[in-house]
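Source file: final_24.pdb (PDB, C-alpha atoms)
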```pdb
ATOM      1  CA  MET K   1     -12.124  -6.551  -5.460
ATOM      2  CA  SER K   2     -15.391  -7.549  -3.799
ATOM      3  CA  ASP K   3     -16.657  -5.824  -0.666
ATOM      4  CA  THR K   4     -15.823  -8.921   1.402
ATOM      5  CA  HIS K   5     -12.282  -8.914   0.079
ATOM      6  CA  HIS K   6     -12.053  -5.186   0.823
ATOM      7  CA  TRP K   7     -12.910  -5.825   4.461
ATOM      8  CA  ARG K   8     -10.528  -8.781   4.743
ATOM      9  CA  HIS K   9      -7.750  -6.662   3.338
ATOM     10  CA  ASP K  10      -8.543  -3.760   5.685
ATOM     11  CA  VAL K  11      -8.632  -6.020   8.741
ATOM     12  CA  LEU K  12      -5.281  -7.516   7.775
ATOM     13  CA  MET K  13      -3.761  -4.057   7.325
ATOM     14  CA  VAL K  14      -5.097  -2.942  10.722
ATOM     15  CA  LEU K  15      -3.438  -6.007  12.281
ATOM     16  CA  VAL K  16      -0.148  -4.945  10.690
ATOM     17  CA  ILE K  17      -0.565  -1.447  12.121
ATOM     18  CA  VAL K  18      -1.276  -2.946  15.555
ATOM     19  CA  VAL K  19       2.021  -4.827  15.291
ATOM     20  CA  TRP K  20       3.824  -1.627  14.289
ATOM     21  CA  GLY K  21       2.213   0.343  17.100
ATOM     22  CA  VAL K  22       3.225  -2.235  19.729
ATOM     23  CA  ASN K  23       6.666  -2.260  18.131
ATOM     24  CA  TYR K  24       7.241   1.313  19.350
ATOM     25  CA  VAL K  25       7.039   0.089  22.948
ATOM     26  CA  ILE K  26       9.356  -2.862  22.222
ATOM     27  CA  VAL K  27      12.001  -0.781  20.446
ATOM     28  CA  LYS K  28      11.833   1.904  23.150
ATOM     29  CA  ALA K  29      12.654  -0.716  25.792
ATOM     30  CA  ALA K  30      15.379  -2.425  23.724
ATOM     31  CA  LEU K  31      17.176   0.832  22.941
ATOM     32  CA  GLY K  32      17.848   1.172  26.648
ATOM     33  CA  VAL K  33      20.288  -1.752  26.525
ATOM     34  CA  MET K  34      21.298  -2.069  22.873
ATOM     35  CA  HIS K  35      22.891   0.321  20.358
ATOM     36  CA  PRO K  36      20.403   1.343  17.617
ATOM     37  CA  HIS K  37      22.405  -0.155  14.739
ATOM     38  CA  VAL K  38      22.992  -3.404  16.640
ATOM     39  CA  LEU K  39      19.283  -3.629  17.423
ATOM     40  CA  ASN K  40      18.422  -3.090  13.762
ATOM     41  CA  ALA K  41      20.857  -5.805  12.658
ATOM     42  CA  VAL K  42      19.491  -8.305  15.196
ATOM     43  CA  ARG K  43      15.874  -7.535  14.307
ATOM     44  CA  MET K  44      16.628  -7.889  10.616
ATOM     45  CA  GLY K  45      18.206 -11.285  11.217
ATOM     46  CA  PHE K  46      14.932 -12.520  12.708
ATOM     47  CA  SER K  47      13.069 -10.872   9.803
ATOM     48  CA  ALA K  48      15.139 -12.920   7.350
ATOM     49  CA  LEU K  49      14.399 -16.145   9.239
ATOM     50  CA  ALA K  50      10.642 -15.496   9.344
ATOM     51  CA  LEU K  51      10.334 -14.388   5.730
ATOM     52  CA  GLY K  52      12.644 -17.140   4.497
ATOM     53  CA  GLY K  53      10.544 -19.767   6.237
ATOM     54  CA  VAL K  54       7.299 -18.458   4.752
ATOM     55  CA  TYR K  55       8.838 -18.122   1.284
ATOM     56  CA  ARG K  56      10.207 -21.676   1.428
ATOM     57  CA  TYR K  57       6.770 -22.969   2.420
ATOM     58  CA  MET K  58       5.079 -21.044  -0.394
ATOM     59  CA  ARG K  59       7.575 -22.449  -2.893
ATOM     60  CA  THR K  60       6.398 -25.943  -1.919
ATOM     61  CA  ARG K  61       2.873 -24.774  -2.744
ATOM     62  CA  GLY K  62       3.901 -23.852  -6.289
ATOM     63  CA  GLU K  63       4.715 -20.156  -5.953
ATOM     64  CA  ALA K  64       7.075 -18.838  -8.619
ATOM     65  CA  GLY K  65      10.740 -18.430  -7.800
ATOM     66  CA  LEU K  66      12.694 -15.186  -7.771
ATOM     67  CA  ARG K  67      15.624 -15.961 -10.038
ATOM     68  CA  THR K  68      14.062 -15.319 -13.444
ATOM     69  CA  ALA K  69      12.205 -12.180 -12.385
ATOM     70  CA  PHE K  70      15.238 -10.845 -10.523
ATOM     71  CA  ARG K  71      17.378 -11.189 -13.644
ATOM     72  CA  ARG K  72      15.042  -8.824 -15.487
ATOM     73  CA  ARG K  73      15.510  -5.892 -13.093
ATOM     74  CA  PRO K  74      18.415  -6.603 -10.725
ATOM     75  CA  ALA K  75      19.492  -2.984 -10.254
ATOM     76  CA  ARG K  76      16.001  -1.833  -9.284
ATOM     77  CA  VAL K  77      15.511  -4.728  -6.878
ATOM     78  CA  VAL K  78      18.790  -3.924  -5.113
ATOM     79  CA  LEU K  79      18.120  -0.171  -4.942
ATOM     80  CA  VAL K  80      14.547  -0.553  -3.650
ATOM     81  CA  SER K  81      15.670  -3.163  -1.107
ATOM     82  CA  LEU K  82      18.386  -0.886   0.261
ATOM     83  CA  LEU K  83      15.980   2.053   0.277
ATOM     84  CA  GLY K  84      13.442   0.279   2.471
ATOM     85  CA  TYR K  85      15.590  -2.011   4.589
ATOM     86  CA  PHE K  86      18.860  -0.140   4.998
ATOM     87  CA  PHE K  87      18.593   3.605   4.426
ATOM     88  CA  TYR K  88      15.094   3.978   5.896
ATOM     89  CA  GLN K  89      15.754   1.717   8.889
ATOM     90  CA  ALA K  90      19.080   3.403   9.656
ATOM     91  CA  ALA K  91      17.701   6.934   9.270
ATOM     92  CA  PHE K  92      14.628   6.256  11.397
ATOM     93  CA  ILE K  93      16.451   4.733  14.346
ATOM     94  CA  VAL K  94      19.238   7.360  14.288
ATOM     95  CA  GLY K  95      16.659  10.149  14.149
ATOM     96  CA  LEU K  96      14.625   8.586  16.959
ATOM     97  CA  ASP K  97      17.788   8.363  19.051
ATOM     98  CA  ARG K  98      18.427  12.116  18.583
ATOM     99  CA  THR K  99      14.935  13.499  19.096
ATOM    100  CA  LEU K 100      11.869  12.962  21.246
ATOM    101  CA  ALA K 101       9.457  10.101  20.690
ATOM    102  CA  GLY K 102       6.456  12.398  20.184
ATOM    103  CA  SER K 103       8.314  14.491  17.619
ATOM    104  CA  ALA K 104       9.370  11.369  15.711
ATOM    105  CA  ALA K 105       5.817   9.985  15.664
ATOM    106  CA  LEU K 106       4.423  13.300  14.425
ATOM    107  CA  ILE K 107       7.022  13.650  11.669
ATOM    108  CA  MET K 108       6.657  10.027  10.552
ATOM    109  CA  ALA K 109       2.927  10.669  10.195
ATOM    110  CA  SER K 110       3.804  12.701   7.104
ATOM    111  CA  SER K 111       4.899   9.539   5.235
ATOM    112  CA  PRO K 112       1.452   8.928   3.632
ATOM    113  CA  VAL K 113       1.612  12.427   2.176
ATOM    114  CA  TRP K 114       5.071  11.772   0.710
ATOM    115  CA  THR K 115       3.813   8.459  -0.659
ATOM    116  CA  ALA K 116       0.845  10.156  -2.320
ATOM    117  CA  VAL K 117       3.086  12.880  -3.784
ATOM    118  CA  PHE K 118       5.614  10.392  -5.208
ATOM    119  CA  SER K 119       2.883   8.056  -6.461
ATOM    120  CA  SER K 120       1.117  10.919  -8.217
ATOM    121  CA  LEU K 121       4.317  12.291  -9.755
ATOM    122  CA  LEU K 122       5.298   8.864 -11.089
ATOM    123  CA  GLY K 123       1.816   8.227 -12.456
ATOM    124  CA  TYR K 124       1.148   5.108 -10.374
ATOM    125  CA  GLU K 125      -2.097   6.497  -8.926
ATOM    126  CA  ARG K 126      -4.562   9.249  -9.697
ATOM    127  CA  ILE K 127      -5.081  11.050  -6.403
ATOM    128  CA  PRO K 128      -8.471  12.834  -6.453
ATOM    129  CA  ARG K 129      -9.126  15.876  -4.295
ATOM    130  CA  ALA K 130     -11.299  13.825  -1.956
ATOM    131  CA  ALA K 131      -8.333  11.533  -1.285
ATOM    132  CA  TRP K 132      -6.117  14.472  -0.351
ATOM    133  CA  LEU K 133      -8.886  15.585   2.033
ATOM    134  CA  ALA K 134      -8.984  12.107   3.572
ATOM    135  CA  LEU K 135      -5.191  12.227   4.036
ATOM    136  CA  LEU K 136      -5.541  15.601   5.757
ATOM    137  CA  VAL K 137      -8.266  14.297   8.094
ATOM    138  CA  ALA K 138      -6.168  11.262   9.044
ATOM    139  CA  PHE K 139      -3.052  13.392   9.527
ATOM    140  CA  SER K 140      -4.932  15.875  11.753
ATOM    141  CA  GLY K 141      -6.025  12.930  13.885
ATOM    142  CA  THR K 142      -2.411  11.833  14.198
ATOM    143  CA  VAL K 143      -1.405  15.349  15.271
ATOM    144  CA  SER K 144      -4.121  15.267  17.941
ATOM    145  CA  VAL K 145      -2.977  11.852  19.216
ATOM    146  CA  VAL K 146       0.658  12.943  19.504
ATOM    147  CA  LEU K 147       0.243  16.488  20.811
ATOM    148  CA  ALA K 148      -2.629  15.909  23.230
ATOM    149  CA  GLY K 149      -0.925  13.386  25.442
ATOM    150  CA  SER K 150       2.775  14.017  25.186
ATOM    151  CA  ALA K 151       5.111  16.601  26.582
ATOM    152  CA  GLU K 152       7.797  14.915  24.494
ATOM    153  CA  VAL K 153       7.277  17.018  21.393
ATOM    154  CA  SER K 154       9.826  19.615  20.446
ATOM    155  CA  PHE K 155      11.063  21.246  17.274
ATOM    156  CA  GLY K 156      13.716  23.399  18.920
ATOM    157  CA  THR K 157      17.329  23.628  17.853
ATOM    158  CA  GLU K 158      18.441  21.034  20.425
ATOM    159  CA  VAL K 159      16.656  18.267  18.540
ATOM    160  CA  LEU K 160      16.663  19.854  15.088
ATOM    161  CA  VAL K 161      19.126  17.341  13.613
ATOM    162  CA  GLY K 162      17.096  14.386  14.888
ATOM    163  CA  ASN K 163      13.876  15.881  13.533
ATOM    164  CA  LEU K 164      15.442  16.434  10.110
ATOM    165  CA  VAL K 165      16.747  12.847  10.030
ATOM    166  CA  VAL K 166      13.280  11.491  10.932
ATOM    167  CA  LEU K 167      11.757  13.695   8.214
ATOM    168  CA  PHE K 168      14.260  12.195   5.774
ATOM    169  CA  ALA K 169      13.211   8.740   7.005
ATOM    170  CA  ALA K 170       9.538   9.558   6.357
ATOM    171  CA  MET K 171      10.436  10.579   2.813
ATOM    172  CA  LEU K 172      12.477   7.389   2.350
ATOM    173  CA  TRP K 173       9.540   5.223   3.473
ATOM    174  CA  GLY K 174       7.236   7.093   1.102
ATOM    175  CA  GLY K 175       9.766   6.524  -1.673
ATOM    176  CA  TYR K 176      10.087   2.824  -0.820
ATOM    177  CA  THR K 177       6.320   2.304  -0.737
ATOM    178  CA  THR K 178       5.964   3.963  -4.141
ATOM    179  CA  SER K 179       8.996   2.507  -5.910
ATOM    180  CA  SER K 180       8.236  -1.045  -4.759
ATOM    181  CA  ARG K 181       4.937  -1.183  -6.653
ATOM    182  CA  PRO K 182       6.340  -2.265 -10.062
ATOM    183  CA  LEU K 183       8.378  -4.975  -8.329
ATOM    184  CA  VAL K 184       5.581  -6.416  -6.205
ATOM    185  CA  ASN K 185       3.502  -6.642  -9.375
ATOM    186  CA  GLU K 186       6.179  -8.830 -10.974
ATOM    187  CA  LEU K 187       7.647 -10.780  -8.031
ATOM    188  CA  PRO K 188       6.023 -12.986  -5.365
ATOM    189  CA  VAL K 189       5.430 -10.632  -2.449
ATOM    190  CA  PHE K 190       6.918 -12.727   0.359
ATOM    191  CA  GLY K 191       9.798 -13.710  -1.872
ATOM    192  CA  PHE K 192      10.505 -10.097  -2.825
ATOM    193  CA  THR K 193      10.396  -8.985   0.817
ATOM    194  CA  PHE K 194      12.693 -11.848   1.856
ATOM    195  CA  LEU K 195      15.085 -10.932  -0.965
ATOM    196  CA  SER K 196      15.033  -7.291   0.187
ATOM    197  CA  VAL K 197      16.034  -8.302   3.723
ATOM    198  CA  ALA K 198      18.736 -10.646   2.405
ATOM    199  CA  ILE K 199      20.216  -7.832   0.308
ATOM    200  CA  ALA K 200      20.155  -5.250   3.100
ATOM    201  CA  LEU K 201      21.167  -7.488   6.009
ATOM    202  CA  PRO K 202      24.941  -7.566   5.297
ATOM    203  CA  PHE K 203      25.000  -3.761   5.096
ATOM    204  CA  MET K 204      23.073  -3.422   8.363
ATOM    205  CA  ALA K 205      25.307  -6.011  10.049
ATOM    206  CA  ALA K 206      28.419  -4.122   8.928
ATOM    207  CA  LEU K 207      26.920  -0.892  10.285
ATOM    208  CA  GLY K 208      26.184  -2.450  13.685
ATOM    209  CA  ALA K 209      29.336  -4.579  14.052
ATOM    210  CA  PRO K 210      31.576  -1.831  15.556
ATOM    211  CA  TYR K 211      29.038  -1.289  18.372
ATOM    212  CA  ALA K 212      28.282  -4.939  19.199
ATOM    213  CA  ALA K 213      31.132  -5.237  21.717
ATOM    214  CA  ASP K 214      29.723  -2.308  23.718
ATOM    215  CA  VAL K 215      26.365  -4.026  24.315
ATOM    216  CA  GLU K 216      25.968  -5.549  27.783
ATOM    217  CA  TRP K 217      24.266  -8.698  26.534
ATOM    218  CA  SER K 218      23.577  -9.888  30.085
ATOM    219  CA  ARG K 219      21.159  -6.955  30.444
ATOM    220  CA  VAL K 220      19.035  -8.212  27.555
ATOM    221  CA  SER K 221      16.424 -10.172  29.498
ATOM    222  CA  VAL K 222      14.378 -13.099  28.217
ATOM    223  CA  PRO K 223      11.189 -10.982  27.867
ATOM    224  CA  MET K 224      13.218  -8.410  25.945
ATOM    225  CA  TRP K 225      14.568 -11.106  23.620
ATOM    226  CA  ILE K 226      10.986 -12.267  23.029
ATOM    227  CA  GLY K 227      10.059  -8.691  22.143
ATOM    228  CA  ILE K 228      13.031  -8.348  19.774
ATOM    229  CA  VAL K 229      12.150 -11.627  18.038
ATOM    230  CA  PHE K 230       8.542 -10.429  17.721
ATOM    231  CA  SER K 231       9.728  -7.083  16.358
ATOM    232  CA  GLY K 232      11.967  -8.702  13.752
ATOM    233  CA  ALA K 233       9.642 -11.489  12.677
ATOM    234  CA  PHE K 234       6.429  -9.481  12.511
ATOM    235  CA  SER K 235       7.240  -5.755  12.362
ATOM    236  CA  THR K 236      10.174  -5.569   9.933
ATOM    237  CA  GLY K 237       9.436  -9.024   8.512
ATOM    238  CA  LEU K 238       5.958 -10.364   7.815
ATOM    239  CA  GLY K 239       4.311  -6.970   8.393
ATOM    240  CA  VAL K 240       6.296  -5.391   5.551
ATOM    241  CA  ALA K 241       5.387  -8.323   3.282
ATOM    242  CA  VAL K 242       1.684  -7.718   3.970
ATOM    243  CA  TRP K 243       2.299  -3.991   3.367
ATOM    244  CA  ASN K 244       3.878  -4.796  -0.014
ATOM    245  CA  ALA K 245       0.931  -7.042  -0.882
ATOM    246  CA  SER K 246      -1.389  -4.122  -0.132
ATOM    247  CA  VAL K 247       0.688  -1.833  -2.368
ATOM    248  CA  ARG K 248       0.125  -4.313  -5.197
ATOM    249  CA  ARG K 249      -3.585  -4.647  -4.474
ATOM    250  CA  ILE K 250      -4.755  -1.080  -3.780
ATOM    251  CA  GLY K 251      -1.778   1.139  -4.617
ATOM    252  CA  PRO K 252       0.838   3.061  -2.599
ATOM    253  CA  ALA K 253      -1.214   6.084  -1.488
ATOM    254  CA  HIS K 254      -4.245   4.103  -0.319
ATOM    255  CA  THR K 255      -1.976   1.710   1.557
ATOM    256  CA  ALA K 256       0.089   4.459   3.162
ATOM    257  CA  VAL K 257      -2.883   6.121   4.865
ATOM    258  CA  PHE K 258      -3.168   3.095   7.196
ATOM    259  CA  SER K 259       0.116   4.126   8.826
ATOM    260  CA  ASN K 260      -1.636   7.134  10.388
ATOM    261  CA  LEU K 261      -3.079   4.628  12.863
ATOM    262  CA  THR K 262       0.371   3.676  14.158
ATOM    263  CA  PRO K 263       0.778   6.500  16.731
ATOM    264  CA  PHE K 264      -2.731   5.854  18.063
ATOM    265  CA  VAL K 265      -1.980   2.157  18.502
ATOM    266  CA  ALA K 266       1.330   3.085  20.141
ATOM    267  CA  VAL K 267      -0.547   5.265  22.636
ATOM    268  CA  LEU K 268      -2.993   2.452  23.408
ATOM    269  CA  SER K 269      -0.210  -0.104  23.841
ATOM    270  CA  SER K 270       1.680   2.282  26.142
ATOM    271  CA  TRP K 271      -1.516   2.649  28.185
ATOM    272  CA  VAL K 272      -1.934  -1.147  28.394
ATOM    273  CA  PHE K 273       1.694  -2.207  28.930
ATOM    274  CA  LEU K 274       3.369   0.861  30.472
ATOM    275  CA  ASP K 275       0.391   2.271  32.406
ATOM    276  CA  GLU K 276       0.724   5.616  30.625
ATOM    277  CA  ARG K 277      -2.206   8.013  30.706
ATOM    278  CA  ILE K 278      -4.527   8.405  27.716
ATOM    279  CA  PHE K 279      -6.355  11.686  27.082
ATOM    280  CA  PRO K 280      -9.806  12.430  25.555
ATOM    281  CA  ALA K 281      -8.230  14.415  22.714
ATOM    282  CA  GLN K 282      -6.272  11.306  21.767
ATOM    283  CA  ILE K 283      -9.508   9.325  21.505
ATOM    284  CA  LEU K 284     -10.838  12.115  19.269
ATOM    285  CA  GLY K 285      -7.660  11.885  17.211
ATOM    286  CA  GLY K 286      -8.173   8.155  16.788
ATOM    287  CA  ALA K 287     -11.724   8.833  15.568
ATOM    288  CA  LEU K 288     -10.395  11.321  13.001
ATOM    289  CA  ILE K 289      -7.849   8.776  11.763
ATOM    290  CA  LEU K 290     -10.577   6.161  11.361
ATOM    291  CA  THR K 291     -12.706   8.739   9.526
ATOM    292  CA  GLY K 292      -9.840   9.353   7.118
ATOM    293  CA  LEU K 293      -9.442   5.610   6.565
ATOM    294  CA  VAL K 294     -13.165   5.178   5.875
ATOM    295  CA  LEU K 295     -13.099   8.072   3.392
ATOM    296  CA  MET K 296     -10.097   6.558   1.605
ATOM    297  CA  ARG K 297     -11.874   3.210   1.483
ATOM    298  CA  ARG K 298     -14.937   4.764  -0.153
ATOM    299  CA  ILE K 299     -12.730   6.571  -2.662
ATOM    300  CA  ARG K 300     -10.812   3.360  -3.346
ATOM    301  CA  ARG K 301     -14.002   1.462  -4.183
ATOM    302  CA  ARG K 302     -14.984   4.105  -6.764
ATOM    303  CA  ALA K 303     -11.554   4.657  -8.279
ATOM    304  CA  ALA K 304     -10.464   2.949 -11.465
ATOM    305  CA  PRO K 305      -7.081   1.235 -11.276
ATOM    306  CA  VAL K 306      -4.173   2.950 -12.990
ATOM    307  CA  PRO K 307      -2.085   0.623 -15.170
ATOM    308  CA  LEU K 308       1.619   0.669 -14.506
ATOM    309  CA  PRO K 309       3.841   2.182 -17.206
ATOM    310  CA  PRO K 310       5.232  -0.518 -19.482
ATOM    311  CA  THR K 311       8.802  -1.574 -18.755
ATOM    312  CA  ALA K 312      11.214  -3.092 -21.199
ATOM    313  CA  PRO K 313      12.522  -6.560 -20.278
ATOM    314  CA  ARG K 314      16.156  -6.725 -19.158
TER     315      ARG K 314
END
```
Before we go any further, please render this structure as structure tokens.
Amino acid sequence: MSDTHHWRHDVLMVLVIVVWGVNYVIVKAALGVMHPHVLNAVRMGFSALALGGVYRYMRTRGEAGLRTAFRRRPARVVLVSLLGYFFYQAAFIVGLDRTLAGSAALIMASSPVWTAVFSSLLGYERIPRAAWLALLVAFSGTVSVVLAGSAEVSFGTEVLVGNLVVLFAAMLWGGYTTSSRPLVNELPVFGFTFLSVAIALPFMAALGAPYAADVEWSRVSVPMWIGIVFSGAFSTGLGVAVWNASVRRIGPAHTAVFSNLTPFVAVLSSWVFLDERIFPAQILGGALILTGLVLMRRIRRRAAPVPLPPTAPR
């Protein structure tokens, strides 16, 4: 990949992280009027519409279809889809509902580490010592962002269950990011992501259905609906497709480190939209995260790609 392409990719990934950071504010507001599982089901419906539209357009431009490739590895496609779009989504929102926002953000910041561990164990990437150092620098910046400006961080027994569920969610996302790499190398990225949503959506709808009658739909305002549509279309929809494309291009571990920026963007968006205070230590934390990203970028440019293990056709 040329240096220009490197920068284009990095800018696109930062835009995805901006969407995910703003998404924290949107979800926080929506959870005040909507049950977590109902919110997930509604968001995923908009994800399916957005991804389906893009995939249909790309098919008219000559992109390969999914049917033949799906027939080769149907079990893996279904399992990876449920991992990323059902189990992770359900675990994250349940954990967030049972713990504090700062605790959840701090725990989720461990997902790049889990991704690097899984990717290394499965042989998808060689993780040099310098890359582990870059992960540590970025993670320390995330810790600074979360702890410096929030009293909403606790690891006491009263929120222990929620913290453990969020930790499980971080591991699930790391597992999804890693296990999706063989699939995104074989399938069209937007098509694969659309297929993942289509597979998981009935399960998420069934999970949310018992709680739908309890939602006071009149309390869901027009601006909130706009936010939910944005969240579904861009955060759990197109943003994940771009994430999967990055996994194919630069590997799971190098992609995952971008997610350390999410809490920092969430803090900035809360400052802009909710008039929350921002602290100097959080600015320092953001600088550390960017330092970690720059280090990973330099390592990525020097690293040789690792070929995927051969897989037998099915």
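Relative to atom CA of K:Val247, atom CA of K:Arg181 is found at 6.1 Å.
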Among listed residues K:Leu133, K:Met58, K:Leu66, K:Val229, nearest K:Phe192 (using all atoms listed in the file):
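The shortest atom-to-atom distance to K:Phe192 comes from K:Leu66.
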Residues near stretch 95-98 of chain K, cut-off 7 Å, all atoms listed in the file, skip fewer than 4 positions along chain, as a list of chain:residue names:
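Returned residues: K:Ala91, K:Ala104, K:Val159, K:Gly162, K:Asn163, K:Val165, K:Val166.
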Quick one: apply the PyMOL selection byres ((chain K and resi 79) around 10) to the file and drop the selected residues here as a PyMOL selection string.
chain K and resi 74-78+80-84+86+176+179-180+196+199-200
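Between atom CA of K:Tyr85 and atom CA of K:Met204 the interatomic distance comes to 8.5 Å.
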Result set of the PyMOL selection byres ((chain K and resi 257) around 10) on the coordinates above, as a VMD selection string
chain K and resid 109 to 113 115 to 116 131 134 to 136 138 to 139 252 to 256 258 to 261 289 292 to 293 296
Residue subset to file, keeping C-alpha atoms, as a PDB file, keeping the file's coordinate frame:
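New file part_35.pdb:
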```
ATOM      1  CA  ALA K 109       2.927  10.669  10.195  1.00  0.00           C
ATOM      2  CA  SER K 110       3.804  12.701   7.104  1.00  0.00           C
ATOM      3  CA  SER K 111       4.899   9.539   5.235  1.00  0.00           C
ATOM      4  CA  PRO K 112       1.452   8.928   3.632  1.00  0.00           C
ATOM      5  CA  VAL K 113       1.612  12.427   2.176  1.00  0.00           C
ATOM      6  CA  THR K 115       3.813   8.459  -0.659  1.00  0.00           C
ATOM      7  CA  ALA K 116       0.845  10.156  -2.320  1.00  0.00           C
ATOM      8  CA  ALA K 131      -8.333  11.533  -1.285  1.00  0.00           C
ATOM      9  CA  ALA K 134      -8.984  12.107   3.572  1.00  0.00           C
ATOM     10  CA  LEU K 135      -5.191  12.227   4.036  1.00  0.00           C
ATOM     11  CA  LEU K 136      -5.541  15.601   5.757  1.00  0.00           C
ATOM     12  CA  ALA K 138      -6.168  11.262   9.044  1.00  0.00           C
ATOM     13  CA  PHE K 139      -3.052  13.392   9.527  1.00  0.00           C
ATOM     14  CA  PRO K 252       0.838   3.061  -2.599  1.00  0.00           C
ATOM     15  CA  ALA K 253      -1.214   6.084  -1.488  1.00  0.00           C
ATOM     16  CA  HIS K 254      -4.245   4.103  -0.319  1.00  0.00           C
ATOM     17  CA  THR K 255      -1.976   1.710   1.557  1.00  0.00           C
ATOM     18  CA  ALA K 256       0.089   4.459   3.162  1.00  0.00           C
ATOM     19  CA  PHE K 258      -3.168   3.095   7.196  1.00  0.00           C
ATOM     20  CA  SER K 259       0.116   4.126   8.826  1.00  0.00           C
ATOM     21  CA  ASN K 260      -1.636   7.134  10.388  1.00  0.00           C
ATOM     22  CA  LEU K 261      -3.079   4.628  12.863  1.00  0.00           C
ATOM     23  CA  ILE K 289      -7.849   8.776  11.763  1.00  0.00           C
ATOM     24  CA  GLY K 292      -9.840   9.353   7.118  1.00  0.00           C
ATOM     25  CA  LEU K 293      -9.442   5.610   6.565  1.00  0.00           C
ATOM     26  CA  MET K 296     -10.097   6.558   1.605  1.00  0.00           C
TER      27      MET K 296
END
```
Quick one: axis-aligned box around all listed atoms of stretch 159-168 of chain K, 3 Å on every side, centre and edge lengths in Å to one decimal, written as AutoDock Vina command-line options.
```
--center_x 15.4 --center_y 15.7 --center_z 12.2 --size_x 13.4 --size_y 14.4 --size_z 18.8
```
